[in-house]
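Data file: input36.cif. Format and content: mmCIF, C-alpha atoms.
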data_protein
loop_
_atom_site.label_atom_id
_atom_site.label_comp_id
_atom_site.auth_asym_id
_atom_site.auth_seq_id
_atom_site.Cartn_x
_atom_site.Cartn_y
_atom_site.Cartn_z
CA MET A 625 0.00 0.00 0.00
CA ALA A 626 1.35 3.43 -0.95
CA HIS A 627 2.16 5.91 1.78
CA TYR A 628 2.00 9.54 0.85
CA THR A 629 0.78 12.80 2.32
CA PRO A 630 0.46 15.73 -0.09
CA PRO A 631 1.94 19.05 1.04
CA SER A 632 -0.29 21.21 3.21
CA ARG A 633 -2.56 23.78 1.63
CA SER A 634 -0.64 26.60 3.32
CA LEU A 635 2.61 25.48 1.71
CA ALA A 636 0.94 25.15 -1.69
CA LEU A 637 -0.74 28.57 -1.51
CA THR A 638 2.48 30.35 -0.51
CA GLU A 639 4.60 28.86 -3.30
CA ALA A 640 4.79 32.03 -5.42
CA PRO A 641 5.69 34.54 -2.68
CA ARG A 642 8.27 32.17 -1.20
CA ALA A 643 9.86 31.66 -4.62
CA LEU A 644 10.11 35.43 -5.05
CA SER A 645 11.87 35.77 -1.71
CA GLU A 646 14.29 32.99 -2.69
CA ALA A 647 15.05 34.81 -5.94
CA ALA A 648 15.76 38.00 -3.98
CA LEU A 649 18.10 36.06 -1.69
CA LEU A 650 19.88 34.68 -4.77
CA VAL A 651 20.69 38.24 -5.84
CA LEU A 652 22.08 39.03 -2.39
CA THR A 653 24.22 35.89 -2.20
CA HIS A 654 25.48 35.54 -5.78
CA LYS A 655 29.05 36.58 -4.92
CA LEU A 656 29.23 34.06 -2.09
CA LEU A 657 27.89 31.33 -4.35
CA LEU A 658 30.78 31.89 -6.74
CA LYS A 659 33.12 30.63 -4.01
CA ALA A 660 31.84 27.11 -4.73
CA PRO A 661 34.33 24.58 -6.20
CA ARG A 662 35.26 25.29 -9.81
CA GLY A 663 34.26 23.09 -12.73
CA ASN A 664 36.54 21.67 -15.42
CA GLY A 665 34.48 22.32 -18.53
CA ASP A 666 32.35 19.19 -18.26
CA PRO A 667 28.95 19.45 -20.01
CA VAL A 668 25.90 19.90 -17.82
CA MET A 669 22.30 19.91 -19.02
CA THR A 670 19.38 21.49 -17.17
CA ILE A 671 15.96 19.87 -17.64
CA PRO A 672 12.93 22.02 -16.74
CA GLY A 673 9.84 21.02 -14.83
CA TYR A 674 6.35 20.42 -16.18
CA MET A 675 4.84 23.18 -18.35
CA VAL A 676 7.98 25.37 -18.35
CA GLY A 677 10.90 25.67 -20.73
CA ASP A 678 14.60 26.45 -20.75
CA GLY A 679 14.12 30.04 -19.63
CA SER A 680 13.03 28.81 -16.20
CA MET A 681 16.57 27.53 -15.49
CA SER A 682 18.60 30.17 -17.35
CA LEU A 683 19.99 31.66 -14.12
CA PHE A 684 21.08 28.20 -13.00
CA ARG A 685 23.00 27.70 -16.25
CA ARG A 686 24.57 31.14 -16.01
CA TYR A 687 25.78 30.31 -12.52
CA LEU A 688 27.25 26.96 -13.57
CA ASN A 689 28.96 28.52 -16.58
CA LYS A 690 30.60 31.07 -14.28
CA LEU A 691 31.91 28.17 -12.20
CA GLY A 692 33.57 26.70 -15.27
CA TYR A 693 31.04 24.15 -16.51
CA ASP A 694 29.61 23.89 -20.00
CA ALA A 695 25.98 24.31 -18.97
CA ARG A 696 23.40 23.83 -21.69
CA PRO A 697 19.60 23.90 -22.04
CA TRP A 698 17.73 20.79 -23.04
CA GLY A 699 16.50 22.54 -26.20
CA LEU A 700 13.12 20.79 -26.38
CA GLY A 701 10.87 23.75 -25.67
CA ARG A 702 8.24 23.66 -22.98
CA ASN A 703 7.94 20.44 -21.02
CA ILE A 704 4.33 19.78 -21.94
CA GLN A 705 2.40 17.35 -24.13
CA ASN A 706 1.14 18.38 -27.58
CA ASN A 707 -2.01 16.27 -27.43
CA LYS A 708 -4.63 15.73 -24.76
CA ILE A 709 -3.75 12.87 -22.40
CA LYS A 710 -6.75 10.67 -21.75
CA ASP A 711 -5.42 8.00 -19.38
CA MET A 712 -2.39 6.70 -17.52
CA GLU A 713 -1.17 4.86 -20.61
CA GLY A 714 -1.16 8.17 -22.45
CA LEU A 715 0.79 9.78 -19.64
CA MET A 716 3.36 6.98 -19.75
CA ALA A 717 3.66 7.35 -23.52
CA PHE A 718 4.28 11.10 -23.13
CA LYS A 719 7.00 10.45 -20.56
CA ALA A 720 8.66 7.80 -22.75
CA ASP A 721 8.64 10.14 -25.74
CA MET A 722 10.25 12.96 -23.74
CA ILE A 723 12.95 10.61 -22.44
CA ALA A 724 13.71 9.45 -25.97
CA ARG A 725 13.98 13.03 -27.21
CA LEU A 726 16.16 13.94 -24.24
CA GLY A 727 18.38 10.95 -25.00
CA PHE A 728 18.97 12.24 -28.53
CA GLU A 729 20.01 15.67 -27.21
CA VAL A 730 22.36 14.17 -24.61
CA GLU A 731 23.89 11.88 -27.22
CA GLN A 732 24.61 14.91 -29.42
CA ILE A 733 26.49 16.61 -26.59
CA TYR A 734 28.30 13.39 -25.67
CA ASN A 735 29.49 12.89 -29.25
CA GLU A 736 30.46 16.55 -29.60
CA THR A 737 32.47 16.82 -26.40
CA GLY A 738 33.60 13.24 -25.82
CA ARG A 739 32.52 13.66 -22.21
CA LYS A 740 29.66 12.26 -20.19
CA VAL A 741 26.89 14.74 -19.43
CA SER A 742 25.69 15.64 -15.93
CA LEU A 743 21.91 16.02 -15.79
CA ILE A 744 20.14 18.46 -13.46
CA GLY A 745 16.40 17.84 -13.54
CA TRP A 746 13.85 20.03 -11.82
CA SER A 747 10.59 18.35 -10.78
CA LEU A 748 9.31 16.21 -13.71
CA GLY A 749 12.62 16.91 -15.45
CA GLY A 750 14.32 14.91 -12.73
CA LEU A 751 12.26 11.86 -13.66
CA TYR A 752 13.49 12.12 -17.23
CA ALA A 753 17.08 12.45 -16.01
CA ASP A 754 16.81 9.42 -13.74
CA SER A 755 15.22 7.29 -16.46
CA LEU A 756 17.77 8.26 -19.10
CA ALA A 757 20.67 7.53 -16.75
CA ARG A 758 19.32 4.03 -16.21
CA LEU A 759 18.84 3.51 -19.96
CA ALA A 760 22.14 5.02 -21.13
CA PRO A 761 24.65 5.16 -18.24
CA GLN A 762 27.52 5.31 -20.74
CA MET A 763 26.52 8.91 -21.60
CA VAL A 764 25.59 10.26 -18.15
CA ARG A 765 28.14 11.28 -15.52
CA GLN A 766 25.64 11.96 -12.74
CA VAL A 767 22.04 12.89 -12.01
CA ILE A 768 20.89 15.64 -9.67
CA THR A 769 17.16 16.04 -9.11
CA LEU A 770 15.45 19.09 -7.60
CA GLY A 771 12.07 18.53 -5.96
CA THR A 772 11.35 15.52 -8.16
CA PRO A 773 8.29 13.31 -7.48
CA LEU A 774 9.89 9.86 -7.44
CA GLY A 775 6.87 8.07 -6.02
CA ASP A 776 3.08 8.01 -6.21
CA PRO A 777 1.82 11.18 -7.99
CA ARG A 778 -1.00 11.45 -5.46
CA GLY A 779 1.67 12.74 -3.08
CA THR A 780 1.68 16.04 -4.97
CA SER A 781 -0.63 18.96 -4.32
CA ILE A 782 -0.96 19.56 -8.04
CA PHE A 783 -2.32 16.09 -8.84
CA ALA A 784 -5.97 17.12 -9.14
CA LEU A 785 -5.09 20.37 -10.89
CA VAL A 786 -3.06 18.63 -13.58
CA TYR A 787 -5.96 16.43 -14.59
CA ARG A 788 -8.32 19.41 -14.53
CA VAL A 789 -5.99 21.19 -16.96
CA LEU A 790 -6.03 18.07 -19.14
CA GLU A 791 -9.84 18.34 -19.14
CA ARG A 792 -10.35 14.86 -17.83
CA HIS A 793 -11.54 13.69 -14.43
CA PHE A 794 -10.07 10.42 -13.18
CA GLU A 795 -11.48 8.30 -10.39
CA GLU A 796 -8.57 7.22 -8.19
CA ASP A 797 -9.97 3.74 -7.68
CA VAL A 798 -9.87 2.96 -11.42
CA ILE A 799 -6.42 4.39 -12.23
CA ASP A 800 -3.54 1.95 -12.23
CA PHE A 801 -0.95 4.14 -10.50
CA SER A 802 1.41 1.17 -10.37
CA LEU A 803 2.20 1.79 -14.05
CA TRP A 804 3.82 5.08 -13.06
CA CYS A 805 5.29 3.99 -9.72
CA ASN A 806 6.85 0.76 -11.02
CA ASP A 807 8.56 2.72 -13.78
CA ILE A 808 10.73 4.34 -11.09
CA PRO A 809 12.53 1.45 -9.35
CA LYS A 810 13.62 2.10 -5.76
CA GLY A 811 17.07 0.66 -6.04
CA GLU A 812 20.74 1.38 -6.46
CA ARG A 813 21.73 3.43 -9.49
CA GLU A 814 24.67 2.72 -11.79
CA VAL A 815 25.03 6.47 -12.26
CA PRO A 816 25.69 8.56 -9.10
CA THR A 817 22.40 10.20 -8.14
CA THR A 818 21.79 13.12 -5.78
CA ILE A 819 18.28 13.98 -4.69
CA VAL A 820 17.78 17.55 -3.48
CA PHE A 821 14.47 17.86 -1.66
CA SER A 822 12.67 20.20 0.72
CA LYS A 823 10.25 19.64 3.56
CA THR A 824 8.74 23.04 2.72
CA ASP A 825 8.04 22.05 -0.89
CA GLY A 826 4.44 23.04 -1.54
CA ILE A 827 3.99 20.78 -4.57
CA VAL A 828 5.95 17.55 -3.97
CA SER A 829 5.79 15.83 -0.61
CA PRO A 830 9.04 14.50 0.90
CA ASP A 831 7.14 11.18 1.15
CA ILE A 832 7.55 10.67 -2.59
CA ALA A 833 10.94 12.35 -3.07
CA LEU A 834 13.08 9.43 -1.90
CA LEU A 835 14.52 6.35 -3.62
CA GLY A 836 15.80 4.34 -0.68
CA HIS A 837 19.26 4.19 0.82
CA HIS A 838 22.05 2.94 -1.44
CA PRO A 839 25.72 3.88 -1.87
CA SER A 840 24.99 5.44 -5.28
CA ILE A 841 22.19 7.68 -3.96
CA ARG A 842 22.69 10.79 -1.84
CA TYR A 843 20.09 13.07 -0.28
CA ILE A 844 20.46 16.78 0.40
CA LYS A 845 17.72 18.60 2.27
CA VAL A 846 17.32 22.32 1.61
CA LYS A 847 14.72 24.88 2.60
CA SER A 848 12.93 25.79 -0.61
CA SER A 849 9.58 26.16 -2.24
CA HIS A 850 8.97 23.96 -5.26
CA MET A 851 8.87 26.88 -7.67
CA GLY A 852 11.97 28.29 -6.01
CA PHE A 853 14.33 25.39 -6.72
CA ALA A 854 15.47 27.15 -9.91
CA VAL A 855 16.44 30.29 -7.97
CA ASN A 856 17.20 29.03 -4.48
CA PRO A 857 20.77 29.77 -3.23
CA MET A 858 20.86 26.60 -1.13
CA ALA A 859 19.95 24.53 -4.19
CA TYR A 860 22.64 26.28 -6.25
CA TRP A 861 25.29 25.58 -3.62
CA ALA A 862 24.21 21.95 -3.25
CA VAL A 863 24.38 21.35 -7.01
CA ALA A 864 27.80 22.99 -7.32
CA LYS A 865 29.19 20.88 -4.48
CA GLU A 866 27.75 17.66 -5.90
CA LEU A 867 29.06 18.33 -9.39
CA SER A 868 32.52 18.86 -7.94
CA ARG A 869 32.32 15.82 -5.63
CA VAL A 870 31.38 13.39 -8.39
CA ASN A 871 33.95 14.83 -10.79
CA LYS A 872 36.63 14.00 -8.23
CA LEU A 873 35.34 10.45 -7.87
CA VAL A 874 35.21 9.66 -11.59
#
Write out the structure in this file as structure tokens.
Amino acid sequence: MAHYTPPSRSLALTEAPRALSEAALLVLTHKLLLKAPRGNGDPVMTIPGYMVGDGSMSLFRRYLNKLGYDARPWGLGRNIQNNKIKDMEGLMAFKADMIARLGFEVEQIYNETGRKVSLIGWSLGGLYADSLARLAPQMVRQVITLGTPLGDPRGTSIFALVYRVLERHFEEDVIDFSLWCNDIPKGEREVPTTIVFSKTDGIVSPDIALLGHHPSIRYIKVKSSHMGFAVNPMAYWAVAKELSRVNKLV
């Protein structure tokens, strides 16, 4: 039986103002953040969350480029389906298509640079990153997820809203959520994986942000809203440290 508790309504309703305050703090701390360990030119790709595009993580890439990484967008536009999704099978097909398209982009960078690519995935983007790393570990140096729902989607506060946007009402007792959950195995990863999560995330509950405890998986807890992961100084510092740590190991 799944165990999940969606974030509280107060956390969900304060997402936007908290993200704005995190962005303001990023401006105040940007010089301190540049004291993070330097990169060595390795390629890094940022993968946006659901319904947003590369612009949402442009500041993150600018920061990583200043540290000496070759940070690139995923180049696939907004992370959203082109057609109406009618059921869980359709949702799984959308996810599989996005992972395949992401794989092509990563392969292009891998062939161009001759180096494995580090993937930083925000929210749904983190699911793509984790899946691709399991499918093509030869091209991926490491995975870092930010507020990614790695468990039952009913552990998100946006669950009902998403299906309302898709203009379809689903009865929970007739949806086979195992299709989604079983596609994210809770086991050791061949590619080093770091999960950055927050107990103050108003969209994704910590209950569904974990993959179990294995040597290849690390957890970093930060104080952040879900929308704020792309502008949160603590998230920036955590990513910079993890990129440097894994580069030293490989």
For Thr737 in chain A, which residue among A:Leu644, A:Val863, A:Val668, A:Met858 is the nearest when counting all atoms listed in the file?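 With all atoms listed in the file as the atom set, the closest residue is A:Val668.
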Determine, counting only C-alpha atoms, which protein, DNA and RNA residues have an atom within 12 Å of an atom of Phe728 in chain A; residues of the same chain fewer than 3 positions away are not included. Present the result as a PDB file with C-alpha atoms, keeping the file's coordinate frame.
ATOM      1  CA  TRP A 698      17.730  20.790 -23.040  1.00  0.00           C
ATOM      2  CA  GLY A 699      16.500  22.540 -26.200  1.00  0.00           C
ATOM      3  CA  LEU A 700      13.120  20.790 -26.380  1.00  0.00           C
ATOM      4  CA  ASP A 721       8.640  10.140 -25.740  1.00  0.00           C
ATOM      5  CA  MET A 722      10.250  12.960 -23.740  1.00  0.00           C
ATOM      6  CA  ILE A 723      12.950  10.610 -22.440  1.00  0.00           C
ATOM      7  CA  ALA A 724      13.710   9.450 -25.970  1.00  0.00           C
ATOM      8  CA  ARG A 725      13.980  13.030 -27.210  1.00  0.00           C
ATOM      9  CA  GLU A 731      23.890  11.880 -27.220  1.00  0.00           C
ATOM     10  CA  GLN A 732      24.610  14.910 -29.420  1.00  0.00           C
ATOM     11  CA  ILE A 733      26.490  16.610 -26.590  1.00  0.00           C
ATOM     12  CA  TYR A 734      28.300  13.390 -25.670  1.00  0.00           C
ATOM     13  CA  ASN A 735      29.490  12.890 -29.250  1.00  0.00           C
ATOM     14  CA  LEU A 756      17.770   8.260 -19.100  1.00  0.00           C
ATOM     15  CA  ALA A 760      22.140   5.020 -21.130  1.00  0.00           C
ATOM     16  CA  MET A 763      26.520   8.910 -21.600  1.00  0.00           C
TER      17      MET A 763
END
I need the residue nearest Ser829 in chain A from this list: A:Leu774, A:Met681, A:Ala854, A:Met712. Use all atoms listed in the file for the distance.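 With all atoms listed in the file as the atom set, the closest residue is A:Leu774.
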Nearest-residue call for Pro661 in chain A, choices A:Gly775, A:Gly679, A:Leu691, A:Arg642, using only C-alpha atoms: A:Leu691
Taking the file as shown, what set of residues would the PyMOL selection byres ((chain A and resi 781) around 6) give back, as number ranges by chain? A: 630-631, 780, 782-783, 827
Out of A:Ala636, A:Val741, A:Leu650, A:Ala859, which residue has the shortest atom-to-atom distance to Val828 in chain A when counting all atoms listed in the file? A:Ala636
With only C-alpha atoms as the counted atoms, please give the residues lying no more than 10 Å from Ile832 in chain A, apart from itself and same-chain residues fewer than 5 positions off, as a list in words. Ala626, His627, Tyr628, Thr629, Pro630, Gly771, Thr772, Pro773, Leu774, Gly775, Asp776, Pro777, Arg778, Gly779 and Thr780 of chain A
Evaluating the PyMOL selection byres ((chain A and resi 813) around 10) on the displayed file yields which residues, as a list in words?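 What the PyMOL selection byres ((chain A and resi 813) around 10) grabs from the file is Asp754, Ala757, Arg758, Pro761, Gln766, Val767, Pro809, Lys810, Gly811, Glu812, Glu814, Val815, Pro816, Thr817, Leu835, His838, Pro839, Ser840 and Ile841 of chain A.
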Please evaluate the PyMOL selection byres ((chain A and resi 770) around 9) against the displayed coordinates and give the resulting residues as a list in words. Ile744, Gly745, Trp746, Ser747, Gly749, Gly750, Ile768, Thr769, Gly771, Thr772, Thr818, Ile819, Val820, Phe821, Ser822, His850, Phe853, Ala854 and Ala859 of chain A
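The gap separating CA of Val764 in chain A from CA of Ala862 in chain A is 19.0 Å, in Å to one decimal.
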I'd like the box whose edges run along x, y and z of the file and which contains every listed atom of range 668-679 of chain A, padded by 5 Å per side; could you state its centre and edge lengths in Å, one decimal, as JSON?
{"center_x": 15.4, "center_y": 25.0, "center_z": -17.8, "size_x": 31.1, "size_y": 20.2, "size_z": 15.9}
Nearest residue to Ala864 in chain A out of A:Ser848, A:Ser742, A:Ser645, A:Gln705, using only C-alpha atoms?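 Result for the nearest residue to Ala864 in chain A: A:Ser742.
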Between CA of Asn703 in chain A and CA of Val651 in chain A, distance in Å (one decimal): 26.6 Å
Have a look at CA of Ala660 in chain A and CA of Arg869 in chain A and let me know their distance in Å, one decimal. 11.3 Å
Neighbour list for His654 in chain A as a list in words, cut-off 12 Å, only C-alpha atoms, skip fewer than 6 positions in-chain: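 Selected residues are Glu646, Ala647, Ala648, Ala660, Leu683, Phe684, Arg686, Tyr687, Leu688, Lys690, Leu691, Val855, Asn856, Pro857, Met858, Tyr860 and Trp861 of chain A.
For the residues A:Gly692, A:Val676, A:Ser632, A:Lys823, ranking by smallest atom-to-atom distance to Ile704 in chain A using only C-alpha atoms places A:Val676 first.
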Name the residues, using the chain letters and numbers of the file, that sit within 6 Å of (18.5, 17.3, -17.3) when counting only C-alpha atoms, and give them as a tab-separated table (two decimals) with C-alpha atoms, in the frame of the given file.
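Written output follows (result-v2.tsv):
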chain	number	residue	atom	x	y	z
A	669	MET	CA	22.30	19.91	-19.02
A	670	THR	CA	19.38	21.49	-17.17
A	671	ILE	CA	15.96	19.87	-17.64
A	743	LEU	CA	21.91	16.02	-15.79
A	744	ILE	CA	20.14	18.46	-13.46
A	745	GLY	CA	16.40	17.84	-13.54
A	753	ALA	CA	17.08	12.45	-16.01
